[in-house]
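One file, input.pdb, carrying PDB, C-alpha atoms and all ligand atoms:
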ATOM      1  CA  MET U1262     124.716 -16.811 -98.349
ATOM      2  CA  ASN U1263     123.711 -19.080 -95.499
ATOM      3  CA  ASN U1264     121.386 -21.856 -96.503
ATOM      4  CA  TYR U1265     121.469 -23.712 -93.203
ATOM      5  CA  HIS U1266     119.104 -23.791 -90.259
ATOM      6  CA  LEU U1267     120.040 -24.778 -86.736
ATOM      7  CA  LEU U1268     117.450 -26.961 -84.999
ATOM      8  CA  GLU U1269     118.036 -26.083 -81.390
ATOM      9  CA  ILE U1270     116.478 -28.850 -79.342
ATOM     10  CA  GLU U1271     116.197 -28.582 -75.575
ATOM     11  CA  PHE U1272     115.282 -31.595 -73.450
ATOM     12  CA  GLU U1273     115.758 -33.107 -70.015
ATOM     13  CA  ASN U1274     118.012 -36.043 -69.301
ATOM     14  CA  ASN U1275     118.084 -37.427 -65.746
ATOM     15  CA  GLY U1276     116.650 -34.140 -64.512
ATOM     16  CA  GLN U1277     119.315 -32.094 -66.310
ATOM     17  CA  LYS U1278     118.603 -29.627 -69.094
ATOM     18  CA  GLN U1279     120.467 -30.504 -72.276
ATOM     19  CA  PHE U1280     120.679 -29.172 -75.806
ATOM     20  CA  ILE U1281     121.560 -30.648 -79.153
ATOM     21  CA  THR U1282     121.773 -28.920 -82.506
ATOM     22  CA  PRO U1283     120.922 -30.957 -85.599
ATOM     23  CA  THR U1284     121.261 -28.822 -88.749
ATOM     24  CA  ILE U1285     119.223 -28.576 -91.938
ATOM     25  CA  ILE U1286     120.878 -27.504 -95.204
ATOM     26  CA  ARG U1287     118.431 -26.517 -97.864
ATOM     27  CA  ASN U1288     117.939 -25.212-101.403
ATOM     28  CA  ASP U1289     115.171 -25.516-104.005
ATOM     29  CA  CYS U1290     115.989 -29.169-104.721
ATOM     30  CA  ASP U1291     117.012 -30.602-101.378
ATOM     31  CA  THR U1292     116.373 -30.432 -97.665
ATOM     32  CA  ILE U1293     119.172 -32.259 -95.874
ATOM     33  CA  LEU U1294     119.122 -33.059 -92.172
ATOM     34  CA  ILE U1295     122.419 -33.652 -90.353
ATOM     35  CA  ASP U1296     121.939 -36.028 -87.394
ATOM     36  CA  CYS U1297     118.592 -36.652 -85.747
ATOM     37  CA  GLY U1298     118.731 -36.917 -81.946
ATOM     38  CA  TYR U1299     117.834 -39.588 -79.403
ATOM     39  CA  PRO U1300     115.049 -42.166 -79.832
ATOM     40  CA  ASN U1301     111.520 -40.671 -79.885
ATOM     41  CA  PHE U1302     112.822 -37.250 -80.933
ATOM     42  CA  ILE U1303     110.627 -36.923 -84.034
ATOM     43  CA  PRO U1304     108.141 -34.536 -82.343
ATOM     44  CA  LEU U1305     111.046 -32.374 -81.112
ATOM     45  CA  LEU U1306     112.660 -32.370 -84.568
ATOM     46  CA  GLU U1307     109.301 -31.516 -86.126
ATOM     47  CA  GLU U1308     108.762 -28.616 -83.761
ATOM     48  CA  ALA U1309     112.296 -27.252 -84.271
ATOM     49  CA  ALA U1310     112.043 -27.610 -88.075
ATOM     50  CA  ASN U1311     108.587 -25.971 -88.163
ATOM     51  CA  TRP U1312     110.086 -23.000 -86.380
ATOM     52  CA  HIS U1313     112.140 -22.486 -89.588
ATOM     53  CA  ASN U1314     109.042 -23.129 -91.756
ATOM     54  CA  ILE U1315     110.336 -26.566 -92.701
ATOM     55  CA  THR U1316     108.308 -29.762 -92.430
ATOM     56  CA  LEU U1317     109.968 -33.130 -91.853
ATOM     57  CA  ASP U1318     108.255 -34.644 -94.903
ATOM     58  CA  SER U1319     110.274 -32.240 -97.091
ATOM     59  CA  ILE U1320     113.564 -33.806 -95.961
ATOM     60  CA  THR U1321     115.236 -35.554 -98.893
ATOM     61  CA  LYS U1322     118.490 -36.745 -97.306
ATOM     62  CA  LEU U1323     119.870 -37.397 -93.861
ATOM     63  CA  ILE U1324     123.615 -37.329 -93.277
ATOM     64  CA  VAL U1325     124.835 -39.077 -90.129
ATOM     65  CA  THR U1326     128.085 -37.855 -88.550
ATOM     66  CA  HIS U1327     128.536 -41.060 -86.476
ATOM     67  CA  HIS U1328     126.573 -43.862 -84.804
ATOM     68  CA  ASP U1329     126.107 -42.494 -81.262
ATOM     69  CA  MET U1330     122.577 -42.693 -79.849
ATOM     70  CA  ASP U1331     122.132 -38.916 -79.673
ATOM     71  CA  HIS U1332     122.850 -38.736 -83.429
ATOM     72  CA  ILE U1333     121.058 -41.817 -84.797
ATOM     73  CA  GLY U1334     118.446 -42.530 -82.095
ATOM     74  CA  SER U1335     115.508 -41.482 -84.282
ATOM     75  CA  LEU U1336     117.012 -42.590 -87.600
ATOM     76  CA  ALA U1337     115.038 -45.834 -88.059
ATOM     77  CA  ALA U1338     111.765 -44.160 -87.067
ATOM     78  CA  LEU U1339     112.374 -41.272 -89.489
ATOM     79  CA  LYS U1340     113.061 -43.722 -92.311
ATOM     80  CA  ARG U1341     109.852 -45.606 -91.444
ATOM     81  CA  ASN U1342     107.801 -42.406 -91.478
ATOM     82  CA  TYR U1343     109.536 -40.938 -94.543
ATOM     83  CA  PRO U1344     110.899 -43.840 -96.624
ATOM     84  CA  HIS U1345     112.026 -41.494 -99.428
ATOM     85  CA  ILE U1346     114.790 -40.047 -97.201
ATOM     86  CA  ASP U1347     118.241 -41.238 -98.308
ATOM     87  CA  ILE U1348     120.560 -42.027 -95.413
ATOM     88  CA  ILE U1349     124.221 -41.149 -95.904
ATOM     89  CA  ALA U1350     127.183 -42.014 -93.647
ATOM     90  CA  HIS U1351     130.934 -42.595 -93.793
ATOM     91  CA  GLU U1352     131.951 -45.991 -95.135
ATOM     92  CA  LEU U1353     133.538 -46.944 -91.785
ATOM     93  CA  ASP U1354     130.458 -45.991 -89.799
ATOM     94  CA  ALA U1355     127.789 -47.574 -92.032
ATOM     95  CA  PRO U1356     128.246 -51.188 -90.744
ATOM     96  CA  TYR U1357     127.465 -50.004 -87.197
ATOM     97  CA  ILE U1358     124.401 -48.005 -88.255
ATOM     98  CA  GLU U1359     123.193 -51.021 -90.217
ATOM     99  CA  GLY U1360     123.718 -53.368 -87.269
ATOM    100  CA  GLU U1361     126.197 -55.473 -89.225
ATOM    101  CA  LYS U1362     128.846 -54.662 -86.600
ATOM    102  CA  LYS U1363     128.289 -54.206 -82.870
ATOM    103  CA  SER U1364     128.092 -50.564 -81.799
ATOM    104  CA  LEU U1365     131.496 -49.296 -80.664
ATOM    105  CA  ARG U1366     129.793 -47.400 -77.841
ATOM    106  CA  LEU U1367     128.208 -50.660 -76.668
ATOM    107  CA  GLU U1368     131.557 -52.432 -76.866
ATOM    108  CA  GLN U1369     133.163 -49.665 -74.840
ATOM    109  CA  ALA U1370     130.399 -49.746 -72.198
ATOM    110  CA  GLU U1371     130.573 -53.536 -71.913
ATOM    111  CA  SER U1372     134.353 -53.659 -71.725
ATOM    112  CA  THR U1373     134.560 -51.098 -68.902
ATOM    113  CA  PHE U1374     131.625 -52.588 -66.953
ATOM    114  CA  GLY U1375     133.752 -55.055 -64.977
ATOM    115  CA  THR U1376     136.055 -52.306 -63.727
ATOM    116  CA  LEU U1377     133.212 -50.225 -62.233
ATOM    117  CA  PRO U1378     132.469 -50.080 -58.514
ATOM    118  CA  ASP U1379     129.230 -51.909 -57.590
ATOM    119  CA  GLU U1380     127.303 -48.712 -56.951
ATOM    120  CA  ALA U1381     127.956 -47.518 -60.532
ATOM    121  CA  LYS U1382     126.796 -50.779 -62.129
ATOM    122  CA  PRO U1383     123.002 -50.249 -62.208
ATOM    123  CA  GLN U1384     123.421 -47.001 -64.140
ATOM    124  CA  ALA U1385     125.948 -48.618 -66.496
ATOM    125  CA  GLU U1386     123.530 -51.513 -67.088
ATOM    126  CA  GLN U1387     120.816 -49.031 -67.933
ATOM    127  CA  PHE U1388     123.175 -47.293 -70.375
ATOM    128  CA  ILE U1389     124.024 -50.628 -72.016
ATOM    129  CA  ARG U1390     120.331 -51.512 -72.393
ATOM    130  CA  PHE U1391     119.720 -48.079 -73.876
ATOM    131  CA  ILE U1392     122.420 -48.529 -76.530
ATOM    132  CA  GLN U1393     121.092 -52.014 -77.293
ATOM    133  CA  SER U1394     117.640 -50.540 -77.891
ATOM    134  CA  ILE U1395     118.856 -48.323 -80.780
ATOM    135  CA  GLU U1396     117.332 -49.670 -83.984
ATOM    136  CA  SER U1397     119.623 -50.367 -86.923
ATOM    137  CA  VAL U1398     118.736 -49.082 -90.388
ATOM    138  CA  PRO U1399     120.217 -49.561 -93.886
ATOM    139  CA  VAL U1400     122.504 -46.818 -95.189
ATOM    140  CA  ASP U1401     121.645 -45.764 -98.745
ATOM    141  CA  ARG U1402     124.978 -44.197 -99.638
ATOM    142  CA  THR U1403     128.414 -44.250 -98.071
ATOM    143  CA  VAL U1404     130.946 -41.446 -98.386
ATOM    144  CA  SER U1405     134.664 -41.045 -97.789
ATOM    145  CA  ASN U1406     137.136 -38.264 -97.020
ATOM    146  CA  ASP U1407     137.397 -35.360 -99.487
ATOM    147  CA  GLU U1408     134.300 -36.387-101.383
ATOM    148  CA  ARG U1409     132.188 -33.450-102.532
ATOM    149  CA  LEU U1410     128.468 -34.102-102.504
ATOM    150  CA  PRO U1411     126.847 -31.941-105.198
ATOM    151  CA  TRP U1412     123.753 -30.865-103.253
ATOM    152  CA  CYS U1413     122.975 -27.414-101.805
ATOM    153  CA  GLY U1414     126.002 -25.676-103.330
ATOM    154  CA  GLY U1415     128.387 -28.521-102.462
ATOM    155  CA  ILE U1416     129.052 -30.403 -99.247
ATOM    156  CA  ASP U1417     132.633 -31.517 -98.576
ATOM    157  CA  ILE U1418     133.046 -34.633 -96.472
ATOM    158  CA  VAL U1419     135.795 -34.203 -93.878
ATOM    159  CA  HIS U1420     136.732 -37.468 -92.195
ATOM    160  CA  THR U1421     137.314 -36.526 -88.538
ATOM    161  CA  PRO U1422     138.009 -39.789 -86.674
ATOM    162  CA  GLY U1423     138.764 -39.886 -82.956
ATOM    163  CA  HIS U1424     135.409 -39.654 -81.202
ATOM    164  CA  MET U1425     134.625 -42.645 -83.412
ATOM    165  CA  PRO U1426     136.598 -44.061 -86.386
ATOM    166  CA  GLY U1427     133.916 -43.275 -88.985
ATOM    167  CA  HIS U1428     133.115 -39.788 -87.720
ATOM    168  CA  ILE U1429     132.622 -37.082 -90.358
ATOM    169  CA  SER U1430     132.216 -33.322 -90.343
ATOM    170  CA  LEU U1431     130.740 -31.403 -93.272
ATOM    171  CA  PHE U1432     132.212 -28.286 -94.863
ATOM    172  CA  LEU U1433     129.957 -26.019 -96.913
ATOM    173  CA  PRO U1434     132.343 -24.008 -99.138
ATOM    174  CA  ALA U1435     129.600 -21.641-100.371
ATOM    175  CA  CYS U1436     129.170 -20.179 -96.871
ATOM    176  CA  LYS U1437     132.537 -21.258 -95.338
ATOM    177  CA  THR U1438     130.663 -23.165 -92.664
ATOM    178  CA  LEU U1439     131.704 -26.346 -90.914
ATOM    179  CA  ILE U1440     129.112 -28.641 -89.395
ATOM    180  CA  ALA U1441     131.411 -30.354 -86.918
ATOM    181  CA  GLY U1442     129.235 -33.110 -85.459
ATOM    182  CA  ASP U1443     131.162 -34.148 -82.344
ATOM    183  CA  ALA U1444     134.656 -33.426 -83.747
ATOM    184  CA  VAL U1445     134.594 -30.376 -81.473
ATOM    185  CA  VAL U1446     132.074 -29.195 -78.879
ATOM    186  CA  ILE U1447     131.448 -25.836 -77.199
ATOM    187  CA  GLU U1448     131.852 -25.784 -73.429
ATOM    188  CA  GLN U1449     131.412 -22.490 -71.571
ATOM    189  CA  GLY U1450     131.945 -20.628 -74.822
ATOM    190  CA  LYS U1451     135.214 -22.452 -75.576
ATOM    191  CA  LEU U1452     135.936 -25.130 -78.137
ATOM    192  CA  ASN U1453     136.899 -28.526 -76.786
ATOM    193  CA  ILE U1454     137.237 -32.163 -77.784
ATOM    194  CA  ALA U1455     134.006 -34.062 -77.010
ATOM    195  CA  ASN U1456     134.092 -35.657 -73.538
ATOM    196  CA  PRO U1457     137.356 -37.679 -73.525
ATOM    197  CA  GLN U1458     135.529 -40.516 -71.750
ATOM    198  CA  PHE U1459     133.487 -40.988 -74.937
ATOM    199  CA  THR U1460     136.293 -40.218 -77.372
ATOM    200  CA  LEU U1461     137.609 -43.575 -78.488
ATOM    201  CA  ASP U1462     140.986 -42.238 -79.691
ATOM    202  CA  LEU U1463     141.970 -38.870 -78.240
ATOM    203  CA  ASP U1464     145.206 -38.462 -80.256
ATOM    204  CA  GLU U1465     143.296 -39.120 -83.438
ATOM    205  CA  ALA U1466     140.615 -36.613 -82.362
ATOM    206  CA  VAL U1467     143.266 -33.899 -81.910
ATOM    207  CA  ARG U1468     144.757 -34.728 -85.322
ATOM    208  CA  SER U1469     141.271 -34.372 -86.808
ATOM    209  CA  VAL U1470     140.950 -30.871 -85.338
ATOM    210  CA  GLN U1471     144.349 -30.115 -86.883
ATOM    211  CA  ARG U1472     142.973 -31.267 -90.246
ATOM    212  CA  LEU U1473     140.081 -28.802 -89.933
ATOM    213  CA  LEU U1474     142.618 -25.972 -90.233
ATOM    214  CA  ASN U1475     143.008 -26.924 -93.911
ATOM    215  CA  TYR U1476     139.540 -25.525 -94.501
ATOM    216  CA  ASP U1477     138.632 -21.854 -94.666
ATOM    217  CA  ILE U1478     136.095 -22.059 -91.838
ATOM    218  CA  GLU U1479     134.371 -18.847 -90.814
ATOM    219  CA  GLN U1480     131.297 -20.310 -89.135
ATOM    220  CA  LEU U1481     131.304 -23.411 -86.992
ATOM    221  CA  ILE U1482     128.274 -25.393 -85.879
ATOM    222  CA  CYS U1483     128.735 -27.932 -83.071
ATOM    223  CA  TYR U1484     126.115 -30.576 -82.318
ATOM    224  CA  HIS U1485     126.788 -29.901 -78.669
ATOM    225  CA  GLY U1486     126.898 -26.132 -78.299
ATOM    226  CA  GLY U1487     125.390 -24.785 -81.535
ATOM    227  CA  LEU U1488     126.921 -21.900 -83.469
ATOM    228  CA  PHE U1489     130.368 -20.864 -82.226
ATOM    229  CA  ASN U1490     130.731 -17.226 -81.387
ATOM    230  CA  GLY U1491     134.222 -15.956 -82.158
ATOM    231  CA  ASP U1492     137.239 -16.447 -84.408
ATOM    232  CA  VAL U1493     136.936 -20.090 -85.426
ATOM    233  CA  LYS U1494     140.476 -20.629 -86.744
ATOM    234  CA  GLN U1495     142.057 -19.041 -83.712
ATOM    235  CA  ALA U1496     139.853 -21.104 -81.384
ATOM    236  CA  LEU U1497     140.785 -24.316 -83.240
ATOM    237  CA  ARG U1498     144.488 -23.437 -82.949
ATOM    238  CA  GLN U1499     144.120 -22.738 -79.230
ATOM    239  CA  LEU U1500     142.364 -26.058 -78.714
ATOM    240  CA  ILE U1501     145.150 -27.943 -80.490
ATOM    241  CA  HIS U1502     147.737 -26.070 -78.470
ATOM    242  CA  ARG U1503     146.024 -26.937 -75.182
ATOM    243  CA  TYR U1504     146.060 -30.628 -76.041
ATOM    244  CA  THR U1505     149.465 -30.870 -77.637
ATOM    245  CA  SER U1506     151.129 -28.951 -74.820
ATOM    246  CA  GLY U1507     149.997 -31.732 -72.518
ATOM    247  CA  GLN U1508     147.795 -29.887 -70.047
ATOM    248  CA  LEU U1509     144.576 -31.607 -70.957
ATOM    249  CA  TYR U1510     146.030 -35.058 -71.446
ATOM    250  CA  ALA U1511     147.146 -35.009 -67.848
ATOM    251  CA  LYS U1512     143.651 -33.955 -66.759
ATOM    252  CA  SER U1513     141.815 -36.633 -68.717
ATOM    253  CA  ASP U1514     143.953 -39.594 -67.562
TER     254      ASP U1514
HETATM  255 ZN    ZN L1601     126.964 -36.415 -79.556
END
Rewrite the coordinates I just gave you, this time as structure tokens.
Ligand SMILES: [Zn+2]
Amino acid sequence: MNNYHLLEIEFENNGQKQFITPTIIRNDCDTILIDCGYPNFIPLLEEAANWHNITLDSITKLIVTHHDMDHIGSLAALKRNYPHIDIIAHELDAPYIEGEKKSLRLEQAESTFGTLPDEAKPQAEQFIRFIQSIESVPVDRTVSNDERLPWCGGIDIVHTPGHMPGHISLFLPACKTLIAGDAVVIEQGKLNIANPQFTLDLDEAVRSVQRLLNYDIEQLICYHGGLFNGDVKQALRQLIHRYTSGQLYAKSD
């Protein structure tokens, strides 16, 4: 039984077509949104949810996989529009979502700024201003690794640090489905680690993929790439092999 709905959102960024895939998990009691897109994405979320006969005002909870702007950009606005929505995030990520700690993405962008050639600086400045514009919002509940949330047939929290230290993926045992967030992405039909440039700790990210093999995953949903087509466990093993055999480390240096 699959009780999830993929919200496939298409948009343009700097003239390039892009896609993200927030997910809704749902039963009679709860409608739970996982991640919510860039700032001003409420109309796009609404449209994608309506396509599944779901309205945004029926959302009861919103689980955040990590505090990147494509995952929390519309979080504050959603909470303003629908104050009854409970926001849930990993305990290590909550201080960044709440604005208590400075965004790790902002820190990364600021710390690399000085090393950039002059011609790359205007775009980097724009990126920094964009991250600074993300509104903070209180987190209603924090979670940690191995916790099972009781809603919608059970949601297991899988701590998958690497891309960011407080990154989580969600395993739904009832339908053997993993909602990966950015722990893995789909590129040209293949699983990969999210862009190494934005992965704060690549070794940790590979170890997190290794940890996913402890779960009986038959279906895999990536925020970047949507539903994976193929043998998930085999694809995860191949990904780990590619990284641990060194080929991709050399490439990303
Ligand atoms: Zn992302």
Can you tell me which residues surround segment 1338-1350 of chain U at a distance of at most 6 Å, considering all atoms listed in the file, apart from same-chain residues fewer than 4 positions away, and format the answer as a VMD selection string? chain U and resid 1321 to 1325 1355 1400 to 1403
Around ligand ZN 1601 (chain L), out to 12 Å and counting only C-alpha atoms and all ligand atoms, which residues are there? I want them as a PyMOL selection string. chain U and resi 1279-1283+1296-1299+1325-1334+1366+1424-1425+1428+1441-1447+1454-1456+1459-1460+1483-1487
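Distances to Leu1336 of chain U were evaluated for U:Ser1397, U:Asn1490, U:Asn1406, U:Thr1292 using all atoms listed in the file, and the minimum falls at U:Ser1397.
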Name all residues at most 12 Å from Ser1405 of chain U (count all atoms listed in the file; drop same-chain ones fewer than 2 positions away) and give them as an mmCIF file with C-alpha atoms, keeping the file's coordinate frame.
data_model
loop_
_atom_site.group_PDB
_atom_site.id
_atom_site.type_symbol
_atom_site.label_atom_id
_atom_site.label_comp_id
_atom_site.auth_asym_id
_atom_site.auth_seq_id
_atom_site.Cartn_x
_atom_site.Cartn_y
_atom_site.Cartn_z
ATOM 1 C CA THR U 1326 128.085 -37.855 -88.550
ATOM 2 C CA ILE U 1349 124.221 -41.149 -95.904
ATOM 3 C CA ALA U 1350 127.183 -42.014 -93.647
ATOM 4 C CA HIS U 1351 130.934 -42.595 -93.793
ATOM 5 C CA GLU U 1352 131.951 -45.991 -95.135
ATOM 6 C CA LEU U 1353 133.538 -46.944 -91.785
ATOM 7 C CA ASP U 1354 130.458 -45.991 -89.799
ATOM 8 C CA ALA U 1355 127.789 -47.574 -92.032
ATOM 9 C CA ARG U 1402 124.978 -44.197 -99.638
ATOM 10 C CA THR U 1403 128.414 -44.250 -98.071
ATOM 11 C CA ASP U 1407 137.397 -35.360 -99.487
ATOM 12 C CA GLU U 1408 134.300 -36.387 -101.383
ATOM 13 C CA ARG U 1409 132.188 -33.450 -102.532
ATOM 14 C CA LEU U 1410 128.468 -34.102 -102.504
ATOM 15 C CA ASP U 1417 132.633 -31.517 -98.576
ATOM 16 C CA ILE U 1418 133.046 -34.633 -96.472
ATOM 17 C CA VAL U 1419 135.795 -34.203 -93.878
ATOM 18 C CA HIS U 1420 136.732 -37.468 -92.195
ATOM 19 C CA THR U 1421 137.314 -36.526 -88.538
ATOM 20 C CA PRO U 1422 138.009 -39.789 -86.674
ATOM 21 C CA PRO U 1426 136.598 -44.061 -86.386
ATOM 22 C CA GLY U 1427 133.916 -43.275 -88.985
ATOM 23 C CA HIS U 1428 133.115 -39.788 -87.720
ATOM 24 C CA ILE U 1429 132.622 -37.082 -90.358
ATOM 25 C CA SER U 1430 132.216 -33.322 -90.343
ATOM 26 C CA LEU U 1431 130.740 -31.403 -93.272
#
Hits from the PyMOL selection byres (((chain U and resi 1267-1275) around 12) and not hetatm), listed as a ChimeraX atom specification: /U:1263-1266,1276-1287,1293-1299,1301-1315,1317,1331,1384,1440,1481-1489
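Going from atom CA of Trp1412 of chain U over to atom CA of Val1470 of chain U, you cover 24.8 Å.
Between atom CA of Asp1462 of chain U and atom CA of Phe1374 of chain U lies a distance of 18.9 Å.
Comparing the minimum interatomic distances between Val1404 of chain U and each of U:Ile1416, U:His1502, U:Ser1372, U:Lys1362, counting all atoms listed in the file, we find that U:Ile1416 sits nearest.
Proximity of U:Leu1377, U:Val1398, U:Gly1414, U:Ser1319 to Pro1356 of chain U, computed with all atoms listed in the file, is greatest for U:Val1398.
When atom CA of Ile1478 of chain U is paired with atom CA of Asn1288 of chain U, their separation reads 20.8 Å.
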Apply the PyMOL selection byres (((chain U and resi 1371) around 12) and not hetatm) to the structure shown and report the selected residues as a ChimeraX atom specification. /U:1363-1370,1372-1377,1382,1385-1390,1392-1393
For the residues in the current selection, export C-alpha atoms as a PDB file, keeping the file's coordinate frame.
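Contents of result-v4.pdb, freshly written:
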ATOM      1  CA  LYS U1363     128.289 -54.206 -82.870  1.00  0.00           C
ATOM      2  CA  SER U1364     128.092 -50.564 -81.799  1.00  0.00           C
ATOM      3  CA  LEU U1365     131.496 -49.296 -80.664  1.00  0.00           C
ATOM      4  CA  ARG U1366     129.793 -47.400 -77.841  1.00  0.00           C
ATOM      5  CA  LEU U1367     128.208 -50.660 -76.668  1.00  0.00           C
ATOM      6  CA  GLU U1368     131.557 -52.432 -76.866  1.00  0.00           C
ATOM      7  CA  GLN U1369     133.163 -49.665 -74.840  1.00  0.00           C
ATOM      8  CA  ALA U1370     130.399 -49.746 -72.198  1.00  0.00           C
ATOM      9  CA  SER U1372     134.353 -53.659 -71.725  1.00  0.00           C
ATOM     10  CA  THR U1373     134.560 -51.098 -68.902  1.00  0.00           C
ATOM     11  CA  PHE U1374     131.625 -52.588 -66.953  1.00  0.00           C
ATOM     12  CA  GLY U1375     133.752 -55.055 -64.977  1.00  0.00           C
ATOM     13  CA  THR U1376     136.055 -52.306 -63.727  1.00  0.00           C
ATOM     14  CA  LEU U1377     133.212 -50.225 -62.233  1.00  0.00           C
ATOM     15  CA  LYS U1382     126.796 -50.779 -62.129  1.00  0.00           C
ATOM     16  CA  ALA U1385     125.948 -48.618 -66.496  1.00  0.00           C
ATOM     17  CA  GLU U1386     123.530 -51.513 -67.088  1.00  0.00           C
ATOM     18  CA  GLN U1387     120.816 -49.031 -67.933  1.00  0.00           C
ATOM     19  CA  PHE U1388     123.175 -47.293 -70.375  1.00  0.00           C
ATOM     20  CA  ILE U1389     124.024 -50.628 -72.016  1.00  0.00           C
ATOM     21  CA  ARG U1390     120.331 -51.512 -72.393  1.00  0.00           C
ATOM     22  CA  ILE U1392     122.420 -48.529 -76.530  1.00  0.00           C
ATOM     23  CA  GLN U1393     121.092 -52.014 -77.293  1.00  0.00           C
TER      24      GLN U1393
END
Kindly resolve the PyMOL selection byres (((chain U and resi 1477) around 12) and not hetatm) on the present coordinates and return the residues as a count of residues only. 22
When you count all atoms listed in the file, which of these residues is closest to Asp1318 of chain U: U:Asp1291, U:Pro1300, U:Pro1411, U:Thr1505? U:Asp1291
For Gly1491 of chain U, the nearest of the candidates U:Tyr1504, U:Lys1451, U:Pro1457, U:Cys1290, counting only C-alpha atoms: U:Lys1451
Extending 5 Å beyond the listed atoms of segment 1293-1296 of chain U on each side, what axis-aligned box results? I want centre and edge lengths in Å to one decimal, as JSON.
{"center_x": 120.8, "center_y": -34.1, "center_z": -91.6, "size_x": 13.3, "size_y": 13.8, "size_z": 18.5}
